[in-house]
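Shown next: run_4.cif, containing mmCIF, C-alpha atoms.
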```cif
data_coords
loop_
_atom_site.group_PDB
_atom_site.id
_atom_site.type_symbol
_atom_site.label_atom_id
_atom_site.label_comp_id
_atom_site.auth_asym_id
_atom_site.auth_seq_id
_atom_site.Cartn_x
_atom_site.Cartn_y
_atom_site.Cartn_z
ATOM 1 C CA MET S 1 16.668 -10.518 13.711
ATOM 2 C CA ASP S 2 17.271 -10.017 9.999
ATOM 3 C CA ASN S 3 14.154 -8.176 8.791
ATOM 4 C CA ASN S 4 15.261 -8.787 5.189
ATOM 5 C CA ALA S 5 13.968 -12.348 5.619
ATOM 6 C CA LEU S 6 10.452 -10.879 5.485
ATOM 7 C CA HIS S 7 11.123 -9.816 1.893
ATOM 8 C CA LYS S 8 11.245 -13.512 0.936
ATOM 9 C CA ILE S 9 7.555 -13.942 1.761
ATOM 10 C CA GLY S 10 5.361 -13.638 -1.316
ATOM 11 C CA TYR S 11 3.286 -10.446 -1.157
ATOM 12 C CA GLY S 12 0.961 -8.809 -3.606
ATOM 13 C CA LEU S 13 0.341 -5.059 -3.607
ATOM 14 C CA TYR S 14 -3.170 -3.632 -3.604
ATOM 15 C CA VAL S 15 -5.081 -0.368 -3.501
ATOM 16 C CA LEU S 16 -7.690 -0.476 -0.723
ATOM 17 C CA ILE S 17 -10.512 2.019 -1.287
ATOM 18 C CA ALA S 18 -13.214 3.177 1.126
ATOM 19 C CA GLN S 19 -15.663 6.028 1.631
ATOM 20 C CA GLN S 20 -17.167 7.688 4.688
ATOM 21 C CA GLY S 21 -19.298 10.799 4.963
ATOM 22 C CA GLY S 22 -18.871 11.543 1.265
ATOM 23 C CA LYS S 23 -15.059 11.408 1.472
ATOM 24 C CA ASP S 24 -13.217 8.929 -0.748
ATOM 25 C CA ASN S 25 -9.868 7.594 0.373
ATOM 26 C CA ALA S 26 -7.397 4.824 -0.444
ATOM 27 C CA CYS S 27 -4.133 3.315 0.735
ATOM 28 C CA ILE S 28 -1.661 0.645 -0.353
ATOM 29 C CA ILE S 29 -1.730 -2.709 1.460
ATOM 30 C CA ASN S 30 0.270 -5.890 0.929
ATOM 31 C CA VAL S 31 -1.801 -8.516 2.753
ATOM 32 C CA ALA S 32 -4.864 -9.885 0.955
ATOM 33 C CA GLN S 33 -5.943 -13.469 0.429
ATOM 34 C CA GLN S 34 -8.956 -15.538 -0.564
ATOM 35 C CA VAL S 35 -9.920 -17.554 2.533
ATOM 36 C CA THR S 36 -13.105 -19.412 1.471
ATOM 37 C CA SER S 37 -14.849 -20.172 -1.815
ATOM 38 C CA ASP S 38 -18.405 -20.869 -0.630
ATOM 39 C CA PRO S 39 -19.231 -18.244 0.400
ATOM 40 C CA LEU S 40 -16.468 -16.318 -1.353
ATOM 41 C CA GLN S 41 -14.523 -14.413 1.295
ATOM 42 C CA LEU S 42 -11.307 -12.413 1.355
ATOM 43 C CA MET S 43 -8.993 -11.472 4.206
ATOM 44 C CA ILE S 44 -7.059 -8.208 4.341
ATOM 45 C CA CYS S 45 -4.806 -6.673 7.013
ATOM 46 C CA VAL S 46 -4.626 -2.894 7.355
ATOM 47 C CA ASN S 47 -2.369 -0.714 9.501
ATOM 48 C CA LYS S 48 -4.376 1.252 12.077
ATOM 49 C CA GLN S 49 -2.430 4.431 11.220
ATOM 50 C CA ASN S 50 -4.193 4.598 7.855
ATOM 51 C CA LEU S 51 -7.338 6.699 7.527
ATOM 52 C CA THR S 52 -8.683 4.042 5.160
ATOM 53 C CA HIS S 53 -8.492 1.569 8.061
ATOM 54 C CA ASP S 54 -10.838 3.739 10.135
ATOM 55 C CA MET S 55 -13.243 4.126 7.219
ATOM 56 C CA VAL S 56 -13.446 0.371 6.615
ATOM 57 C CA LEU S 57 -13.902 -0.270 10.336
ATOM 58 C CA LYS S 58 -16.833 2.169 10.523
ATOM 59 C CA THR S 59 -18.555 1.502 7.187
ATOM 60 C CA ALA S 60 -17.812 -2.247 6.849
ATOM 61 C CA LYS S 61 -17.252 -2.094 3.097
ATOM 62 C CA PHE S 62 -14.353 -1.593 0.707
ATOM 63 C CA ASN S 63 -13.039 -2.116 -2.803
ATOM 64 C CA LEU S 64 -9.827 -4.102 -3.212
ATOM 65 C CA CYS S 65 -7.865 -3.522 -6.414
ATOM 66 C CA PRO S 66 -4.703 -5.529 -7.239
ATOM 67 C CA LEU S 67 -1.995 -3.355 -8.770
ATOM 68 C CA SER S 68 -0.743 -4.602 -12.130
ATOM 69 C CA GLU S 69 2.687 -4.603 -13.755
ATOM 70 C CA GLU S 70 1.526 -1.626 -15.828
ATOM 71 C CA ALA S 71 1.852 0.511 -12.686
ATOM 72 C CA THR S 72 4.575 3.112 -12.286
ATOM 73 C CA MET S 73 5.810 4.644 -9.032
ATOM 74 C CA LYS S 74 2.959 7.179 -9.218
ATOM 75 C CA PRO S 75 0.217 5.171 -7.434
ATOM 76 C CA PHE S 76 2.652 4.190 -4.675
ATOM 77 C CA GLU S 77 3.651 7.803 -4.073
ATOM 78 C CA HIS S 78 0.065 9.016 -4.282
ATOM 79 C CA PHE S 79 -1.792 6.381 -2.267
ATOM 80 C CA GLY S 80 1.037 5.056 -0.108
ATOM 81 C CA PHE S 81 3.356 7.927 0.824
ATOM 82 C CA GLN S 82 0.825 10.550 1.952
ATOM 83 C CA SER S 83 -2.099 10.556 4.336
ATOM 84 C CA GLY S 84 -5.733 11.053 3.451
ATOM 85 C CA ARG S 85 -5.956 13.094 6.646
ATOM 86 C CA ASN S 86 -3.879 15.779 4.940
ATOM 87 C CA VAL S 87 -4.793 15.505 1.261
ATOM 88 C CA ASN S 88 -7.669 14.478 -0.983
ATOM 89 C CA LYS S 89 -6.099 11.509 -2.757
ATOM 90 C CA PHE S 90 -8.702 11.521 -5.535
ATOM 91 C CA GLU S 91 -8.750 15.291 -6.121
ATOM 92 C CA ASN S 92 -6.773 15.153 -9.380
ATOM 93 C CA CYS S 93 -7.889 11.725 -10.592
ATOM 94 C CA GLU S 94 -8.455 12.034 -14.347
ATOM 95 C CA VAL S 95 -11.636 9.914 -14.392
ATOM 96 C CA GLU S 96 -14.164 9.204 -11.643
ATOM 97 C CA LEU S 97 -15.071 5.523 -11.777
ATOM 98 C CA ARG S 98 -17.382 3.904 -9.226
ATOM 99 C CA SER S 99 -18.482 0.320 -8.827
ATOM 100 C CA GLU S 100 -22.032 -0.753 -8.020
ATOM 101 C CA ASN S 101 -21.452 -0.290 -4.273
ATOM 102 C CA GLY S 102 -20.721 3.418 -4.786
ATOM 103 C CA LEU S 103 -16.996 3.139 -4.052
ATOM 104 C CA ARG S 104 -14.294 4.300 -6.407
ATOM 105 C CA TYR S 105 -11.726 2.319 -8.335
ATOM 106 C CA LEU S 106 -8.769 3.460 -10.415
ATOM 107 C CA PRO S 107 -8.918 4.095 -14.165
ATOM 108 C CA LYS S 108 -5.475 2.483 -14.627
ATOM 109 C CA TYR S 109 -2.661 0.646 -12.842
ATOM 110 C CA ILE S 110 -5.004 -2.134 -11.577
ATOM 111 C CA ASN S 111 -6.212 -5.383 -13.131
ATOM 112 C CA ALA S 112 -9.339 -6.196 -11.095
ATOM 113 C CA CYS S 113 -11.804 -4.827 -8.564
ATOM 114 C CA PHE S 114 -13.400 -6.737 -5.693
ATOM 115 C CA GLN S 115 -16.441 -5.207 -3.980
ATOM 116 C CA CYS S 116 -16.483 -6.429 -0.386
ATOM 117 C CA VAL S 117 -18.578 -6.252 2.780
ATOM 118 C CA VAL S 118 -16.862 -6.855 6.118
ATOM 119 C CA THR S 119 -18.236 -9.685 8.246
ATOM 120 C CA LYS S 120 -15.579 -9.752 10.960
ATOM 121 C CA ALA S 121 -12.786 -7.518 12.272
ATOM 122 C CA ILE S 122 -9.954 -8.970 14.358
ATOM 123 C CA ASP S 123 -7.648 -6.691 16.369
ATOM 124 C CA LEU S 124 -3.994 -7.625 15.744
ATOM 125 C CA GLY S 125 -2.362 -4.768 17.634
ATOM 126 C CA THR S 126 -0.804 -2.513 14.992
ATOM 127 C CA HIS S 127 -3.178 -3.854 12.329
ATOM 128 C CA THR S 128 -6.765 -5.049 11.953
ATOM 129 C CA MET S 129 -7.622 -8.170 10.004
ATOM 130 C CA PHE S 130 -10.876 -7.814 8.082
ATOM 131 C CA ILE S 131 -12.785 -10.859 6.826
ATOM 132 C CA ALA S 132 -15.146 -9.823 4.042
ATOM 133 C CA MET S 133 -17.706 -11.291 1.670
ATOM 134 C CA VAL S 134 -17.049 -10.632 -2.009
ATOM 135 C CA MET S 135 -20.269 -9.163 -3.361
ATOM 136 C CA ASP S 136 -18.995 -8.659 -6.923
ATOM 137 C CA ALA S 137 -15.718 -8.800 -8.846
ATOM 138 C CA LYS S 138 -14.543 -7.848 -12.304
ATOM 139 C CA VAL S 139 -11.377 -8.186 -14.356
ATOM 140 C CA LEU S 140 -10.111 -4.882 -15.723
ATOM 141 C CA SER S 141 -6.819 -5.869 -17.379
ATOM 142 C CA ASP S 142 -4.856 -8.942 -18.432
ATOM 143 C CA SER S 143 -1.627 -7.450 -17.042
ATOM 144 C CA PRO S 144 -0.106 -9.658 -14.283
ATOM 145 C CA SER S 145 -0.453 -8.558 -10.672
ATOM 146 C CA ILE S 146 2.532 -6.868 -9.030
ATOM 147 C CA THR S 147 4.412 -8.800 -6.381
ATOM 148 C CA TYR S 148 6.517 -7.115 -3.721
ATOM 149 C CA ALA S 149 9.613 -8.580 -5.397
ATOM 150 C CA TYR S 150 8.590 -7.069 -8.762
ATOM 151 C CA TYR S 151 8.074 -3.692 -7.086
ATOM 152 C CA GLN S 152 11.543 -3.862 -5.515
ATOM 153 C CA GLN S 153 13.249 -4.860 -8.771
ATOM 154 C CA HIS S 154 11.381 -2.854 -11.399
ATOM 155 C CA ILE S 155 9.440 0.054 -9.879
ATOM 156 C CA LYS S 156 11.039 1.365 -6.684
ATOM 157 C CA PRO S 157 13.656 4.046 -7.465
ATOM 158 C CA LYS S 158 17.266 3.056 -6.962
ATOM 159 C CA PRO S 159 19.349 5.085 -4.450
ATOM 160 C CA ALA S 160 20.732 8.290 -5.925
ATOM 161 C CA VAL S 161 24.464 8.663 -6.449
ATOM 162 C CA ASN S 162 26.085 10.375 -3.464
ATOM 163 C CA SER S 163 26.560 14.065 -4.177
ATOM 164 C CA THR S 164 27.706 15.198 -0.732
ATOM 165 C CA ALA S 165 31.115 15.353 0.863
ATOM 166 C CA ALA S 166 33.062 12.120 0.962
ATOM 167 C CA GLY S 167 33.087 10.185 4.195
ATOM 168 C CA LYS S 168 29.398 10.454 5.105
ATOM 169 C CA LYS S 169 27.446 7.254 5.556
ATOM 170 C CA ARG S 170 24.329 6.716 3.444
ATOM 171 C CA TRP S 171 21.216 4.833 4.539
ATOM 172 C CA VAL S 172 18.510 3.861 2.040
ATOM 173 C CA CYS S 173 14.854 3.304 2.892
ATOM 174 C CA GLU S 174 13.998 -0.142 1.556
ATOM 175 C CA VAL S 175 10.353 0.865 1.199
ATOM 176 C CA CYS S 176 10.593 3.967 -0.994
ATOM 177 C CA GLY S 177 14.275 4.441 -1.844
ATOM 178 C CA TYR S 178 14.862 7.698 0.066
ATOM 179 C CA VAL S 179 18.507 8.166 1.092
ATOM 180 C CA TYR S 180 19.569 9.636 4.443
ATOM 181 C CA GLU S 181 23.130 10.910 4.756
ATOM 182 C CA GLY S 182 24.924 11.275 8.092
ATOM 183 C CA ASP S 183 27.317 9.584 10.477
ATOM 184 C CA GLU S 184 24.526 7.673 12.213
ATOM 185 C CA LEU S 185 20.831 7.085 11.561
ATOM 186 C CA PRO S 186 18.899 8.228 14.678
ATOM 187 C CA ASP S 187 16.832 5.545 16.435
ATOM 188 C CA ASP S 188 13.690 7.672 16.138
ATOM 189 C CA TYR S 189 14.269 8.634 12.500
ATOM 190 C CA ILE S 190 11.158 8.566 10.266
ATOM 191 C CA CYS S 191 11.437 8.545 6.486
ATOM 192 C CA PRO S 192 10.095 11.913 5.196
ATOM 193 C CA ILE S 193 8.626 10.218 2.112
ATOM 194 C CA CYS S 194 6.922 6.994 3.262
ATOM 195 C CA LYS S 195 6.956 7.518 7.059
ATOM 196 C CA HIS S 196 8.682 4.202 7.840
ATOM 197 C CA GLY S 197 11.163 3.975 10.701
ATOM 198 C CA LYS S 198 14.801 3.053 11.195
ATOM 199 C CA SER S 199 14.175 -0.695 10.881
ATOM 200 C CA ASP S 200 13.346 -0.213 7.190
ATOM 201 C CA PHE S 201 16.662 1.531 6.401
ATOM 202 C CA LYS S 202 19.786 -0.259 5.230
ATOM 203 C CA LEU S 203 23.351 1.059 5.262
ATOM 204 C CA ILE S 204 24.676 1.458 1.716
ATOM 205 C CA GLU S 205 28.100 -0.109 1.520
ATOM 206 C CA ALA S 206 30.788 2.079 -0.028
#
```
structure tokens encoding of this file:
Amino acid sequence: MDNNALHKIGYGLYVLIAQQGGKDNACIINVAQQVTSDPLQLMICVNKQNLTHDMVLKTAKFNLCPLSEEATMKPFEHFGFQSGRNVNKFENCEVELRSENGLRYLPKYINACFQCVVTKAIDLGTHTMFIAMVMDAKVLSDSPSITYAYYQQHIKPKPAVNSTAAGKKRWVCEVCGYVYEGDELPDDYICPICKHGKSDFKLIEA
């Protein structure tokens, strides 16, 4: 199977924010969609490995914030490439902004905020699909929303020029741009930056 075909599907990129026991956390997701208009409901899918997933499952509420084209690589590195189990993702946030439901949202890089309450959770194996009522929503910027294609073309770092001995193969992570150098990429290799596996690496042709 050519996994690159999945890149042809239109994805947005979003910051999903939750809170549990006084702890704020957030992660990046790429599956969100309006599913009904009356009542207004959204659907999101979240990887079970994310701490934010567990928070949403237990508290049944979240904020969904579409990333805008004003975003740099910073929110992806901060909210997507590290775990809230190890770091406080909001510790150095320059401004603390909270919506009416008590959850945080970002002071920049996003163009809207949806305050949602979960009505149904569907187990999809590696992910959970959450169906949620939109309790409130507000526009924060006129900047267009980021698509996955825009992220790939304009935000994700390009592979660095090879600085090691000639002859070594180079494999680039198509998620974050990290480059692994070696004769072969191990089957169990995990990207040290974004934690994705071998299937998300591509051999860089000489």
Best match for closeness to Phe79 in chain S among S:Ala32, S:Val95, S:Cys194, S:Cys113, counting all atoms listed in the file: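 So, comparing all the options, the nearest one is S:Cys194.
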Picked residues, the PyMOL selection byres ((chain S and resi 142) around 10), as a list in words: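 Selected by the PyMOL selection byres ((chain S and resi 142) around 10) in this file: Ser68, Glu69, Ile110, Asn111, Ala112, Val139, Leu140, Ser141, Ser143, Pro144 and Ser145 of chain S.
Closest approach to Val118 in chain S among S:Val31, S:Leu57, S:Ala149, S:Cys176: S:Leu57, based on all atoms listed in the file.
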Hey, which of S:Leu6, S:Ile29, S:Leu203, S:Leu51 ends up closest to Asn88 in chain S? Count all atoms listed in the file.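 Checking each candidate against Asn88 in chain S, we get S:Leu51 as the closest.
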My list of candidates is S:Met1, S:His78, S:Cys173, S:Asp24. Which is closest to Leu97 in chain S when distances are computed with all atoms listed in the file? S:Asp24
How many Å lie between CA of Gln41 in chain S and CA of Asp123 in chain S, rounded to one decimal?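 So the two atoms, CA of Gln41 in chain S and CA of Asp123 in chain S, lie 18.3 Å apart.
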N, CA and C atoms for range 49-80 of chain S, written as a PDB file, keeping the file's coordinate frame, could you do that?
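Saved result, selection.pdb, follows:
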```
ATOM      1  N   GLN S  49      -2.806   3.031  11.445  1.00  0.00           N
ATOM      2  CA  GLN S  49      -2.430   4.431  11.220  1.00  0.00           C
ATOM      3  C   GLN S  49      -3.080   5.005   9.970  1.00  0.00           C
ATOM      4  N   ASN S  50      -3.597   4.143   9.105  1.00  0.00           N
ATOM      5  CA  ASN S  50      -4.193   4.598   7.855  1.00  0.00           C
ATOM      6  C   ASN S  50      -5.630   5.072   8.077  1.00  0.00           C
ATOM      7  N   LEU S  51      -5.965   6.211   7.480  1.00  0.00           N
ATOM      8  CA  LEU S  51      -7.338   6.699   7.527  1.00  0.00           C
ATOM      9  C   LEU S  51      -8.289   5.698   6.882  1.00  0.00           C
ATOM     10  N   THR S  52      -7.842   5.036   5.830  1.00  0.00           N
ATOM     11  CA  THR S  52      -8.683   4.042   5.160  1.00  0.00           C
ATOM     12  C   THR S  52      -9.078   2.930   6.128  1.00  0.00           C
ATOM     13  N   HIS S  53      -8.173   2.567   7.032  1.00  0.00           N
ATOM     14  CA  HIS S  53      -8.492   1.569   8.061  1.00  0.00           C
ATOM     15  C   HIS S  53      -9.716   2.001   8.857  1.00  0.00           C
ATOM     16  N   ASP S  54      -9.728   3.247   9.319  1.00  0.00           N
ATOM     17  CA  ASP S  54     -10.838   3.739  10.135  1.00  0.00           C
ATOM     18  C   ASP S  54     -12.141   3.752   9.342  1.00  0.00           C
ATOM     19  N   MET S  55     -12.046   4.098   8.063  1.00  0.00           N
ATOM     20  CA  MET S  55     -13.243   4.126   7.219  1.00  0.00           C
ATOM     21  C   MET S  55     -13.835   2.737   7.043  1.00  0.00           C
ATOM     22  N   VAL S  56     -12.967   1.752   6.779  1.00  0.00           N
ATOM     23  CA  VAL S  56     -13.446   0.371   6.615  1.00  0.00           C
ATOM     24  C   VAL S  56     -14.044  -0.136   7.918  1.00  0.00           C
ATOM     25  N   LEU S  57     -13.410   0.177   9.035  1.00  0.00           N
ATOM     26  CA  LEU S  57     -13.902  -0.270  10.336  1.00  0.00           C
ATOM     27  C   LEU S  57     -15.303   0.274  10.613  1.00  0.00           C
ATOM     28  N   LYS S  58     -15.552   1.523  10.224  1.00  0.00           N
ATOM     29  CA  LYS S  58     -16.833   2.169  10.523  1.00  0.00           C
ATOM     30  C   LYS S  58     -17.929   1.862   9.504  1.00  0.00           C
ATOM     31  N   THR S  59     -17.542   1.704   8.233  1.00  0.00           N
ATOM     32  CA  THR S  59     -18.555   1.502   7.187  1.00  0.00           C
ATOM     33  C   THR S  59     -18.745   0.045   6.802  1.00  0.00           C
ATOM     34  N   ALA S  60     -17.760  -0.809   7.122  1.00  0.00           N
ATOM     35  CA  ALA S  60     -17.812  -2.247   6.849  1.00  0.00           C
ATOM     36  C   ALA S  60     -17.915  -2.572   5.361  1.00  0.00           C
ATOM     37  N   LYS S  61     -17.321  -1.740   4.512  1.00  0.00           N
ATOM     38  CA  LYS S  61     -17.252  -2.094   3.097  1.00  0.00           C
ATOM     39  C   LYS S  61     -16.021  -1.459   2.477  1.00  0.00           C
ATOM     40  N   PHE S  62     -15.538  -2.095   1.399  1.00  0.00           N
ATOM     41  CA  PHE S  62     -14.353  -1.593   0.707  1.00  0.00           C
ATOM     42  C   PHE S  62     -14.273  -2.185  -0.690  1.00  0.00           C
ATOM     43  N   ASN S  63     -13.463  -1.546  -1.524  1.00  0.00           N
ATOM     44  CA  ASN S  63     -13.039  -2.116  -2.803  1.00  0.00           C
ATOM     45  C   ASN S  63     -11.568  -2.486  -2.686  1.00  0.00           C
ATOM     46  N   LEU S  64     -11.216  -3.653  -3.195  1.00  0.00           N
ATOM     47  CA  LEU S  64      -9.827  -4.102  -3.212  1.00  0.00           C
ATOM     48  C   LEU S  64      -9.392  -4.247  -4.658  1.00  0.00           C
ATOM     49  N   CYS S  65      -8.313  -3.541  -5.027  1.00  0.00           N
ATOM     50  CA  CYS S  65      -7.865  -3.522  -6.414  1.00  0.00           C
ATOM     51  C   CYS S  65      -6.403  -3.945  -6.501  1.00  0.00           C
ATOM     52  N   PRO S  66      -6.100  -5.121  -7.069  1.00  0.00           N
ATOM     53  CA  PRO S  66      -4.703  -5.529  -7.239  1.00  0.00           C
ATOM     54  C   PRO S  66      -3.989  -4.611  -8.229  1.00  0.00           C
ATOM     55  N   LEU S  67      -2.819  -4.139  -7.848  1.00  0.00           N
ATOM     56  CA  LEU S  67      -1.995  -3.355  -8.770  1.00  0.00           C
ATOM     57  C   LEU S  67      -1.384  -4.282  -9.816  1.00  0.00           C
ATOM     58  N   SER S  68      -1.275  -3.793 -11.041  1.00  0.00           N
ATOM     59  CA  SER S  68      -0.743  -4.602 -12.130  1.00  0.00           C
ATOM     60  C   SER S  68       0.660  -4.148 -12.497  1.00  0.00           C
ATOM     61  N   GLU S  69       1.335  -4.932 -13.322  1.00  0.00           N
ATOM     62  CA  GLU S  69       2.687  -4.603 -13.755  1.00  0.00           C
ATOM     63  C   GLU S  69       2.728  -3.402 -14.696  1.00  0.00           C
ATOM     64  N   GLU S  70       1.573  -2.866 -15.061  1.00  0.00           N
ATOM     65  CA  GLU S  70       1.526  -1.626 -15.828  1.00  0.00           C
ATOM     66  C   GLU S  70       1.756  -0.407 -14.937  1.00  0.00           C
ATOM     67  N   ALA S  71       1.725  -0.608 -13.621  1.00  0.00           N
ATOM     68  CA  ALA S  71       1.852   0.511 -12.686  1.00  0.00           C
ATOM     69  C   ALA S  71       3.259   1.107 -12.710  1.00  0.00           C
ATOM     70  N   THR S  72       3.317   2.398 -12.482  1.00  0.00           N
ATOM     71  CA  THR S  72       4.575   3.112 -12.286  1.00  0.00           C
ATOM     72  C   THR S  72       4.720   3.399 -10.791  1.00  0.00           C
ATOM     73  N   MET S  73       5.658   4.250 -10.432  1.00  0.00           N
ATOM     74  CA  MET S  73       5.810   4.644  -9.032  1.00  0.00           C
ATOM     75  C   MET S  73       4.686   5.574  -8.591  1.00  0.00           C
ATOM     76  N   LYS S  74       3.965   6.161  -9.530  1.00  0.00           N
ATOM     77  CA  LYS S  74       2.959   7.179  -9.218  1.00  0.00           C
ATOM     78  C   LYS S  74       1.896   6.706  -8.226  1.00  0.00           C
ATOM     79  N   PRO S  75       1.235   5.558  -8.418  1.00  0.00           N
ATOM     80  CA  PRO S  75       0.217   5.171  -7.434  1.00  0.00           C
ATOM     81  C   PRO S  75       0.782   4.883  -6.046  1.00  0.00           C
ATOM     82  N   PHE S  76       2.034   4.440  -5.977  1.00  0.00           N
ATOM     83  CA  PHE S  76       2.652   4.190  -4.675  1.00  0.00           C
ATOM     84  C   PHE S  76       2.911   5.507  -3.947  1.00  0.00           C
ATOM     85  N   GLU S  77       3.415   6.493  -4.674  1.00  0.00           N
ATOM     86  CA  GLU S  77       3.651   7.803  -4.073  1.00  0.00           C
ATOM     87  C   GLU S  77       2.331   8.448  -3.657  1.00  0.00           C
ATOM     88  N   HIS S  78       1.319   8.315  -4.500  1.00  0.00           N
ATOM     89  CA  HIS S  78       0.065   9.016  -4.282  1.00  0.00           C
ATOM     90  C   HIS S  78      -0.774   8.381  -3.179  1.00  0.00           C
ATOM     91  N   PHE S  79      -0.919   7.060  -3.228  1.00  0.00           N
ATOM     92  CA  PHE S  79      -1.792   6.381  -2.267  1.00  0.00           C
ATOM     93  C   PHE S  79      -1.045   5.802  -1.072  1.00  0.00           C
ATOM     94  N   GLY S  80       0.292   5.679  -1.180  1.00  0.00           N
ATOM     95  CA  GLY S  80       1.037   5.056  -0.108  1.00  0.00           C
ATOM     96  C   GLY S  80       1.909   5.968   0.721  1.00  0.00           C
TER      97      GLY S  80
END
```
